[in-house]
Amino acid sequence: MPGLFAPRPPLAERLRPRNFSEFLGQEHLLGEGRLLRRMLESRKLSSLILWGPPGCGKTTLARLLAQETGARLVTLSAVDSGVKDLRQVVEEARRARKQGQRTVLFIDEIHRFNKAQQDFLLPYVEDGTVTLIGATTENPSFSVIAPLLSRCKTLVLKPLSAEDLRRLLERALTDPERGYGREALEVEPEVLAALAEAAEGDARVALNLLETLVESASPGAHGKRHLGLKDLERVLLERPLRHDRDGEEHYNLLSAFHKSLRGSDPDAALYWLARLLEAGEDPRVILRRLIAAASEDVGNADPLALLVAVAAKEAYEFLGLPEGELALAQATVYIACAPKSNAAYRGLSAAKEDVRRHGSLPVPLHLRNPVTTLMRALGYGQGYKYAHDYPGGFVEQQYLPDQLRDRRYYRPTDRGLESTLRERLLKWWRGKKG
């Protein structure tokens, strides 16, 4: 008989919740008085974008919402679907609507749809032909077009807690139909806690690890399969850390790294550096951030920071990996521990603002080079004071255009070397600068 000996679906698929009583996590959306709970009670489902990490229940949540509100569910994956598939869904939804049946269109990985595909959906989401539920692991503000976002409620799903994962694993071990409840297993108490920790909030990972652990265990003397921490170490192969070079997590990690440098916390900066390196980030991306921080956040409070950052780039290019990582770590610690000043950064921003506001103001005549006889006749260079002809190599004169003659852009702090620069400017400019 065909299919009689078909293999069982994976444990994660078998354990997929059949109703909300089996659904774990997302209490901030499903708890008493929360948005999804109100939708379920009223049986009025709005179009939604479910944004959350892998294995947090986005697909299951969409299925249950359609099921509990009495709608027909159509599922598409943005990876292998296009406008032709969407057009077919819309036609079927129109026919169903005439018979009083609502259609929920669930699109997995909706961030992979291009603009044209997302544009196609707009009128049908707008007029209620379909209720859209899109699932994405990417920040929808980056990957979903604004008109579609405005027609949907965006809900942020959270990773499952270790406690939720432990309950899920216990269910898998005790369920006689879908799990291992009928099998002779002996599980050390610490195993479930270790599995829940290793899964990092991902239910699918937790169940896959448990399935691998069970299937690889051999029966002991009493016919029972023993699952211990030593067995778990064998199946816990090194997994890549959550990181997407083109997605939000990429920018989140870099942001945390830069802010730790700026905040003078070398321990946090080293932690985020390690996270980036272990996730396979291109070290040149990290080096660019180090060089930027040396200029933007340390500046002239310690000019050596920029030299150290650039030297780290040279050292990395010369040494390669893994030795080059030490140069990144050295620069990270130096920049984090250096005195901070963004005075140069703020000064440039203020100067740019004046450039945009006032346009191309003329260079004062005395600052122009009198290259030709005509230029000299027009007063070019007239009255210019050559600084080296004066005591200390300084003479006060106007260097800015007339409209901006009293403007100050660089306001040095009293931190690090900048305190010396500040005193020098105050002395030279008789208190006008510094």
# chains A, B, ... in the order shown; residues from 1 in each chain; ligands from 1
call {"tool": "residues_around", "arguments": {"residues": "Cys152 in chain A", "least_positions_apart": "5", "cutoff": "9 Å", "atoms": "only C-alpha atoms", "output": "list in words"}}
result
Ser46, Ser47, Leu48, Ile49, Val125, Leu132 and Ile133 of chain A
call {"tool": "closest_residue", "arguments": {"among": "A:Gly179, A:Gly299, A:Pro17, A:Pro370", "to": "Gln67 in chain A", "atoms": "only C-alpha atoms"}}
result
A:Pro17
call {"tool": "closest_residue", "arguments": {"among": "A:Ile107, A:Leu50, A:Leu121, A:Leu169", "to": "Val83 in chain A", "atoms": "only C-alpha atoms"}}
result
A:Leu121
call {"tool": "select_by_dssp", "arguments": {"residues": "range 107-192 of chain A", "states": "strand (DSSP E)", "output": "ChimeraX atom specification"}}
result
/A:107-108,131-136,153-156,185-187
call {"tool": "residues_around", "arguments": {"residues": "Leu306 in chain A", "least_positions_apart": "5", "cutoff": "9 Å", "atoms": "only C-alpha atoms", "output": "PyMOL selection string"}}
result
chain A and resi 290-295+298-299+311+335
call {"tool": "write_last_selection", "arguments": {"atoms": "all heavy atoms", "output": "PDB file, in the first residue's frame"}}
result
ATOM      1  N   LEU A 290      35.926  51.217  13.844  1.00  0.00           N
ATOM      2  CA  LEU A 290      36.954  51.658  14.794  1.00  0.00           C
ATOM      3  C   LEU A 290      37.556  52.994  14.358  1.00  0.00           C
ATOM      4  O   LEU A 290      37.734  53.909  15.184  1.00  0.00           O
ATOM      5  CB  LEU A 290      38.059  50.605  14.891  1.00  0.00           C
ATOM      6  CG  LEU A 290      37.764  49.361  15.735  1.00  0.00           C
ATOM      7  CD1 LEU A 290      38.826  48.297  15.497  1.00  0.00           C
ATOM      8  CD2 LEU A 290      37.691  49.719  17.214  1.00  0.00           C
ATOM      9  N   ILE A 291      37.866  53.116  13.076  1.00  0.00           N
ATOM     10  CA  ILE A 291      38.450  54.369  12.575  1.00  0.00           C
ATOM     11  C   ILE A 291      37.451  55.509  12.707  1.00  0.00           C
ATOM     12  O   ILE A 291      37.805  56.631  13.092  1.00  0.00           O
ATOM     13  CB  ILE A 291      38.915  54.183  11.122  1.00  0.00           C
ATOM     14  CG1 ILE A 291      40.096  53.202  11.075  1.00  0.00           C
ATOM     15  CG2 ILE A 291      39.323  55.521  10.506  1.00  0.00           C
ATOM     16  CD1 ILE A 291      40.511  52.778   9.674  1.00  0.00           C
ATOM     17  N   ALA A 292      36.177  55.232  12.414  1.00  0.00           N
ATOM     18  CA  ALA A 292      35.145  56.259  12.550  1.00  0.00           C
ATOM     19  C   ALA A 292      35.007  56.705  13.999  1.00  0.00           C
ATOM     20  O   ALA A 292      34.909  57.909  14.295  1.00  0.00           O
ATOM     21  CB  ALA A 292      33.811  55.726  12.037  1.00  0.00           C
ATOM     22  N   ALA A 293      35.025  55.748  14.927  1.00  0.00           N
ATOM     23  CA  ALA A 293      34.898  56.101  16.347  1.00  0.00           C
ATOM     24  C   ALA A 293      36.097  56.907  16.823  1.00  0.00           C
ATOM     25  O   ALA A 293      35.959  57.820  17.644  1.00  0.00           O
ATOM     26  CB  ALA A 293      34.753  54.828  17.184  1.00  0.00           C
ATOM     27  N   ALA A 294      37.284  56.581  16.313  1.00  0.00           N
ATOM     28  CA  ALA A 294      38.489  57.310  16.720  1.00  0.00           C
ATOM     29  C   ALA A 294      38.390  58.785  16.338  1.00  0.00           C
ATOM     30  O   ALA A 294      38.844  59.661  17.088  1.00  0.00           O
ATOM     31  CB  ALA A 294      39.720  56.681  16.080  1.00  0.00           C
ATOM     32  N   SER A 295      37.784  59.070  15.188  1.00  0.00           N
ATOM     33  CA  SER A 295      37.632  60.469  14.771  1.00  0.00           C
ATOM     34  C   SER A 295      36.411  61.120  15.394  1.00  0.00           C
ATOM     35  O   SER A 295      36.473  62.239  15.911  1.00  0.00           O
ATOM     36  CB  SER A 295      37.519  60.554  13.245  1.00  0.00           C
ATOM     37  OG  SER A 295      38.778  60.402  12.644  1.00  0.00           O
ATOM     38  N   VAL A 298      36.533  60.222  19.818  1.00  0.00           N
ATOM     39  CA  VAL A 298      37.744  60.541  20.583  1.00  0.00           C
ATOM     40  C   VAL A 298      38.329  61.859  20.097  1.00  0.00           C
ATOM     41  O   VAL A 298      38.618  62.758  20.884  1.00  0.00           O
ATOM     42  CB  VAL A 298      38.792  59.403  20.457  1.00  0.00           C
ATOM     43  CG1 VAL A 298      40.071  59.782  21.209  1.00  0.00           C
ATOM     44  CG2 VAL A 298      38.225  58.102  21.000  1.00  0.00           C
ATOM     45  N   GLY A 299      38.469  61.957  18.790  1.00  0.00           N
ATOM     46  CA  GLY A 299      38.921  63.214  18.207  1.00  0.00           C
ATOM     47  C   GLY A 299      40.232  63.687  18.779  1.00  0.00           C
ATOM     48  O   GLY A 299      41.157  62.899  19.037  1.00  0.00           O
ATOM     49  N   ALA A 311      46.583  51.944  12.341  1.00  0.00           N
ATOM     50  CA  ALA A 311      47.632  50.929  12.487  1.00  0.00           C
ATOM     51  C   ALA A 311      47.020  49.534  12.605  1.00  0.00           C
ATOM     52  O   ALA A 311      47.586  48.550  12.101  1.00  0.00           O
ATOM     53  CB  ALA A 311      48.500  51.242  13.702  1.00  0.00           C
ATOM     54  N   ILE A 335      40.613  52.702  22.100  1.00  0.00           N
ATOM     55  CA  ILE A 335      39.574  53.697  21.793  1.00  0.00           C
ATOM     56  C   ILE A 335      38.536  53.765  22.897  1.00  0.00           C
ATOM     57  O   ILE A 335      38.071  54.848  23.273  1.00  0.00           O
ATOM     58  CB  ILE A 335      38.928  53.369  20.432  1.00  0.00           C
ATOM     59  CG1 ILE A 335      39.955  53.600  19.317  1.00  0.00           C
ATOM     60  CG2 ILE A 335      37.682  54.208  20.188  1.00  0.00           C
ATOM     61  CD1 ILE A 335      39.536  53.056  17.970  1.00  0.00           C
TER      62      ILE A 335
END
